[in-house]
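S.K.: The following block contains the structure, expressed as structure tokens.
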Amino acid sequence: MSFLPNIEPVTMLLICTTIVYGAKAFYPCAIFVLAEGLLYGFGWYFFVYVYIWPILVALILLLRRHITSFVLWTLVGALYGLFFGPLCCIEAFVVDGWRMAFSYWISGIPYDILHCVGNAVICGVLLKPLTTLLQKLAYPEAKTDIE
Amino acid sequence: MSSMSKQKKTTIIVAAIAVVLVIAALVCWASFRPKALEGVKEISVTITHTDGTVRAEDIETTAQYLSEALEPYDLLEGEDTEYGLFVKTVDGEYADDTEGTYWMFDVNGAMGEYGVDTQPVADGDAYSFYTITY
């Protein structure tokens, strides 16, 4: 989906996996980050991915005992898309200072909003059916308390 | 209050916060984004290669952004990304980003804060291209 700027299913997939498997979701997260490095090279963006996706998994782990609504999970996914740019700026701040980080964030705002909307649509459509399916496959006798 | 109505209330609050944040982000973008200038501008461009050779050009341009100003000189090549041109080759010299080497540019002696596609061009600006390895 690289031809669609900032439209990605990774956020939805990590939310879904973390809801069902908990901390074990760090394993597919790590594999994804490594695969990105092998596919696209270990440039500066790789270092962003090293922290940005595990932060999402950690956030979902903190929230999953409190959220029982797929609508709310969709909003979490949307907000993570909006904050994706500022999170990327951490790398820019560390390497090039606050001015560069601020400029990078400002330039990326339209793409962060696109990312937010994209995540909202993808999570809104796919999160519930995929999470339900994954839960049934992983724990066929358990009842889900997410609506 | 039942768990379901608590979740509904939380959902409404989070949705409202999301809308406010999107609006705030748009306001920041409109206020702080680099503004392009019209008219004829004279700029200087210096390219320092890794072998120490230097190429200097004085350019007269009506372009609003740096990449447009340099286009007639075929100085820049790279990858089109959603954030603009990711410059990989300047004046024929390739910088391998997988090895941590990048082309950078300074604007009037200070590190450029934007990409070549979004760097506005102003009369009298001096641009210096060089490579850096992290």
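Residues in the structure tokens are named by chain (A, B, ... in the order shown) and by number from 1 within that chain; ligands are numbered from 1 in the order shown.
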Pull the closest atom pair for each residue of chain B that gets at most 9 Å from chain A, along with the distance in Å to one decimal, counting only C-alpha atoms, ordering rows by chain and then ascending residue number, as a tab-separated table.
M.R.:
residue	atom	partner	partner_atom	distance
B:Ser3	CA	A:Thr68	CA	8.7
B:Met4	CA	A:Thr68	CA	8.2
B:Gln7	CA	A:Ser69	CA	6.8
B:Lys8	CA	A:Ser69	CA	8.3
B:Thr10	CA	A:Leu72	CA	7.9
B:Thr11	CA	A:Leu72	CA	5.4
B:Ile12	CA	A:Leu72	CA	8.8
B:Val14	CA	A:Leu75	CA	7.2
B:Ala15	CA	A:Leu75	CA	6.7
B:Ala18	CA	A:Leu79	CA	6.5
B:Leu21	CA	A:Leu82	CA	8.4
B:Val22	CA	A:Ile113	CA	6.8
B:Ala25	CA	A:Ile109	CA	6.6
B:Leu26	CA	A:Ile109	CA	7.2
B:Cys28	CA	A:Ile106	CA	7.2
B:Trp29	CA	A:Ile106	CA	5.4
B:Ala30	CA	A:Ile106	CA	8.9
B:Phe32	CA	A:Ile106	CA	6.8
B:Arg33	CA	A:Ile106	CA	6.2
B:Pro34	CA	A:Ser107	CA	8.3
B:Thr81	CA	A:Pro5	CA	8.0
B:Glu82	CA	A:Pro5	CA	5.3
B:Tyr83	CA	A:Gly108	CA	7.2
B:Asp97	CA	A:Gly43	CA	5.5
B:Thr98	CA	A:Gly43	CA	4.8
B:Glu99	CA	A:Gly43	CA	7.1
B:Gly100	CA	A:Gly43	CA	5.8
B:Thr101	CA	A:Gly43	CA	8.6
B:Met111	CA	A:Met100	CA	8.4
B:Gly112	CA	A:Met100	CA	8.0
B:Glu113	CA	A:Met100	CA	5.2
B:Tyr114	CA	A:Ser103	CA	6.7
B:Gly115	CA	A:Tyr104	CA	9.0
B:Thr118	CA	A:Ser107	CA	8.1
B:Tyr134	CA	A:Trp44	CA	8.9
S.K.: Taking 4 positions as the minimum chain separation for residues in the same chain, which residues sit within 12 Å of range 47-52 of chain A when counting only C-alpha atoms? Answer as a PDB file with C-alpha atoms, in the first residue's frame.
M.R.:
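Generated file (selection.pdb):
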ATOM      1  CA  VAL A  10      -0.435  -1.954  10.513  1.00  0.00           C
ATOM      2  CA  THR A  11      -2.097   0.117  13.259  1.00  0.00           C
ATOM      3  CA  LEU A  14      -1.362  -4.369  15.945  1.00  0.00           C
ATOM      4  CA  PHE A  26       5.455  -7.602  20.585  1.00  0.00           C
ATOM      5  CA  CYS A  29       5.647  -6.238  15.955  1.00  0.00           C
ATOM      6  CA  ALA A  30       9.369  -7.014  16.076  1.00  0.00           C
ATOM      7  CA  ILE A  31       9.137  -9.235  12.994  1.00  0.00           C
ATOM      8  CA  PHE A  32       7.338  -6.472  11.092  1.00  0.00           C
ATOM      9  CA  VAL A  33       9.967  -3.871  12.046  1.00  0.00           C
ATOM     10  CA  LEU A  34      12.788  -6.213  11.004  1.00  0.00           C
ATOM     11  CA  ALA A  35      11.031  -7.006   7.723  1.00  0.00           C
ATOM     12  CA  GLU A  36      10.707  -3.262   7.027  1.00  0.00           C
ATOM     13  CA  GLY A  37      14.431  -2.867   7.591  1.00  0.00           C
ATOM     14  CA  TYR A  40      13.595  -0.828   2.623  1.00  0.00           C
ATOM     15  CA  GLY A  41      17.033  -0.678   4.199  1.00  0.00           C
ATOM     16  CA  PHE A  42      18.218   0.285   7.665  1.00  0.00           C
ATOM     17  CA  GLY A  43      18.062   4.045   7.151  1.00  0.00           C
ATOM     18  CA  LEU A  56       1.475   1.417  20.040  1.00  0.00           C
ATOM     19  CA  VAL A  57       1.531  -2.150  21.409  1.00  0.00           C
ATOM     20  CA  ALA A  58       2.402  -0.844  24.890  1.00  0.00           C
ATOM     21  CA  LEU A  59      -0.422   1.714  24.691  1.00  0.00           C
ATOM     22  CA  TYR A  80      -2.380   7.216  16.863  1.00  0.00           C
ATOM     23  CA  GLY A  81      -2.371   8.183  13.187  1.00  0.00           C
ATOM     24  CA  PHE A  83       0.250  11.500  16.613  1.00  0.00           C
ATOM     25  CA  PHE A  84       2.400   9.454  14.215  1.00  0.00           C
ATOM     26  CA  GLY A  85       4.139  12.565  12.917  1.00  0.00           C
ATOM     27  CA  PRO A  86       5.020  14.015  16.338  1.00  0.00           C
ATOM     28  CA  LEU A  87       6.288  10.578  17.387  1.00  0.00           C
ATOM     29  CA  CYS A  88       8.521  10.462  14.292  1.00  0.00           C
ATOM     30  CA  CYS A  89       9.830  13.870  15.345  1.00  0.00           C
ATOM     31  CA  ILE A  90      11.451  12.319  18.415  1.00  0.00           C
ATOM     32  CA  GLU A  91      14.134  10.918  16.107  1.00  0.00           C
ATOM     33  CA  ALA A  92      14.518  14.281  14.374  1.00  0.00           C
ATOM     34  CA  PHE A  93      14.789  16.014  17.763  1.00  0.00           C
ATOM     35  CA  VAL A  94      17.483  13.647  19.013  1.00  0.00           C
ATOM     36  CA  VAL A  95      19.530  13.869  15.815  1.00  0.00           C
TER      37      VAL A  95
ATOM     38  CA  THR B  98      21.074   2.295   3.801  1.00  0.00           C
ATOM     39  CA  GLY B 100      23.533   6.049   6.832  1.00  0.00           C
ATOM     40  CA  TYR B 134      25.316   8.994  10.730  1.00  0.00           C
TER      41      TYR B 134
END
S.K.: CA of Asp80 in chain B and CA of Glu8 in chain A, how far apart in Å?
M.R.: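 These two atoms are separated by 18.0 Å.
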S.K.: Could you pull out all residues of chain A with a DSSP call of alpha helix (DSSP H) and give them as a ChimeraX atom specification?
M.R.: /A:10-21,26-40,44-63,70-82,84-96,98-138
S.K.: Could you give me, as a PyMOL selection string, the residues within 8 Å of range 61-73 of chain B, counting only C-alpha atoms and dropping anything in the same chain fewer than 3 positions from it?
M.R.: chain B and resi 36-43+76+116-121
S.K.: Please dump the current selection as an mmCIF file, in the first residue's frame; keep N, CA and C atoms.
M.R.:
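out_34.cif, freshly written:
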data_model
loop_
_atom_site.group_PDB
_atom_site.id
_atom_site.type_symbol
_atom_site.label_atom_id
_atom_site.label_comp_id
_atom_site.auth_asym_id
_atom_site.auth_seq_id
_atom_site.Cartn_x
_atom_site.Cartn_y
_atom_site.Cartn_z
ATOM 1 N N ALA B 36 5.622 30.399 0.301
ATOM 2 C CA ALA B 36 6.351 30.595 -0.955
ATOM 3 C C ALA B 36 6.247 32.055 -1.403
ATOM 4 N N LEU B 37 7.275 32.527 -2.154
ATOM 5 C CA LEU B 37 7.331 33.918 -2.619
ATOM 6 C C LEU B 37 7.251 33.984 -4.138
ATOM 7 N N GLU B 38 6.559 34.997 -4.624
ATOM 8 C CA GLU B 38 6.459 35.196 -6.078
ATOM 9 C C GLU B 38 7.624 36.058 -6.554
ATOM 10 N N GLY B 39 7.764 36.137 -7.886
ATOM 11 C CA GLY B 39 8.731 37.081 -8.466
ATOM 12 C C GLY B 39 10.071 36.457 -8.776
ATOM 13 N N VAL B 40 10.966 37.295 -9.319
ATOM 14 C CA VAL B 40 12.297 36.830 -9.710
ATOM 15 C C VAL B 40 13.219 36.881 -8.502
ATOM 16 N N LYS B 41 13.980 35.795 -8.317
ATOM 17 C CA LYS B 41 14.909 35.717 -7.194
ATOM 18 C C LYS B 41 16.283 35.287 -7.688
ATOM 19 N N GLU B 42 17.325 35.838 -7.071
ATOM 20 C CA GLU B 42 18.686 35.384 -7.383
ATOM 21 C C GLU B 42 19.217 34.617 -6.188
ATOM 22 N N ILE B 43 19.622 33.370 -6.454
ATOM 23 C CA ILE B 43 20.125 32.515 -5.363
ATOM 24 C C ILE B 43 21.460 31.922 -5.780
ATOM 25 N N LEU B 76 19.364 17.369 -9.075
ATOM 26 C CA LEU B 76 18.810 16.525 -8.028
ATOM 27 C C LEU B 76 18.110 15.300 -8.601
ATOM 28 N N VAL B 116 13.558 19.626 -0.222
ATOM 29 C CA VAL B 116 13.787 20.479 -1.394
ATOM 30 C C VAL B 116 12.478 20.889 -2.071
ATOM 31 N N ASP B 117 11.436 20.055 -1.901
ATOM 32 C CA ASP B 117 10.146 20.371 -2.516
ATOM 33 C C ASP B 117 9.358 21.411 -1.726
ATOM 34 N N THR B 118 9.706 21.596 -0.464
ATOM 35 C CA THR B 118 8.938 22.508 0.398
ATOM 36 C C THR B 118 9.784 23.660 0.935
ATOM 37 N N GLN B 119 11.059 23.743 0.510
ATOM 38 C CA GLN B 119 11.918 24.848 0.922
ATOM 39 C C GLN B 119 11.619 26.049 0.041
ATOM 40 N N PRO B 120 10.997 27.117 0.599
ATOM 41 C CA PRO B 120 10.708 28.288 -0.234
ATOM 42 C C PRO B 120 12.007 28.988 -0.610
ATOM 43 N N VAL B 121 12.007 29.561 -1.795
ATOM 44 C CA VAL B 121 13.190 30.268 -2.307
ATOM 45 C C VAL B 121 12.986 31.767 -2.118
#
S.K.: Which residues come within 9 Å of Val107 in chain B, counting only C-alpha atoms, excluding same-chain residues fewer than 2 positions away, as a CSV table (one decimal) with N, CA, C and O atoms, in the first residue's frame?
M.R.:
chain,number,residue,atom,x,y,z
B,105,PHE,N,21.2,20.0,3.1
B,105,PHE,CA,21.5,21.3,2.6
B,105,PHE,C,21.3,22.4,3.7
B,105,PHE,O,20.4,22.2,4.5
B,109,GLY,N,23.7,29.3,5.7
B,109,GLY,CA,24.6,28.9,6.7
B,109,GLY,C,24.0,28.1,7.8
B,109,GLY,O,24.7,27.5,8.7
B,110,ALA,N,22.7,28.0,7.8
B,110,ALA,CA,22.0,27.2,8.9
B,110,ALA,C,21.4,25.9,8.2
B,110,ALA,O,20.9,26.0,7.1
B,111,MET,N,21.3,24.8,8.9
B,111,MET,CA,20.8,23.6,8.4
B,111,MET,C,19.3,23.8,7.9
B,111,MET,O,18.5,24.4,8.6
B,112,GLY,N,19.1,23.4,6.7
B,112,GLY,CA,17.7,23.5,6.1
B,112,GLY,C,16.7,22.7,6.9
B,112,GLY,O,17.0,21.6,7.4
B,113,GLU,N,15.5,23.3,7.1
B,113,GLU,CA,14.5,22.7,8.0
B,113,GLU,C,13.5,22.0,7.1
B,113,GLU,O,12.6,21.3,7.7
B,125,ASP,N,19.1,34.1,-1.2
B,125,ASP,CA,19.4,32.9,-0.4
B,125,ASP,C,20.6,32.1,-1.0
B,125,ASP,O,20.9,32.1,-2.2
B,126,ALA,N,21.4,31.5,0.0
B,126,ALA,CA,22.6,30.7,-0.4
B,126,ALA,C,22.3,29.3,0.1
B,126,ALA,O,22.1,29.1,1.3
B,127,TYR,N,22.3,28.4,-0.8
B,127,TYR,CA,22.1,27.0,-0.5
B,127,TYR,C,23.4,26.2,-0.7
B,127,TYR,O,24.1,26.3,-1.7
B,128,SER,N,23.7,25.4,0.3
B,128,SER,CA,24.9,24.6,0.3
B,128,SER,C,24.6,23.1,0.5
B,128,SER,O,24.0,22.7,1.5
S.K.: When you look at Leu130 in chain A with a cut-off of 12 Å (counting only C-alpha atoms), what residues show up, excluding the ones that are within fewer than 4 positions of it in the same chain? I need them as a ChimeraX atom specification.
M.R.: /A:9,12-17,19-20,70,122-126,134-138
S.K.: Skipping near chain neighbours, those fewer than 5 positions away, what residues fall within 10 Å of range 47-53 of chain B using only C-alpha atoms, listed as number ranges by chain?
M.R.: B: 75, 90-95, 103, 105, 127-132
S.K.: Give me the residues near Gly22 in chain A as a ChimeraX atom specification, where near means some atom within 9 Å (using only C-alpha atoms) and where sequence neighbours in that chain fewer than 6 positions away do not count.
M.R.: /A:57,60-61,64
S.K.: Work out how far apart CA of Asp96 in chain B and CA of Glu77 in chain B are and give it in Å to one decimal.
M.R.: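 Going from CA of Asp96 in chain B over to CA of Glu77 in chain B, I get 12.7 Å.
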S.K.: Please measure the separation of CA of Ile17 in chain B and CA of Thr132 in chain A, giving the value in Å to one decimal.
M.R.: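 Computed distance, CA of Ile17 in chain B to CA of Thr132 in chain A, equals 27.6 Å.
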S.K.: Could you find all residues in range 10-112 of chain B that DSSP calls strand (DSSP E or B) from the backbone, and write them as a ChimeraX atom specification?
M.R.: /B:41-48,54-61,65,76-81,84-90,93-94,101-107,110-111
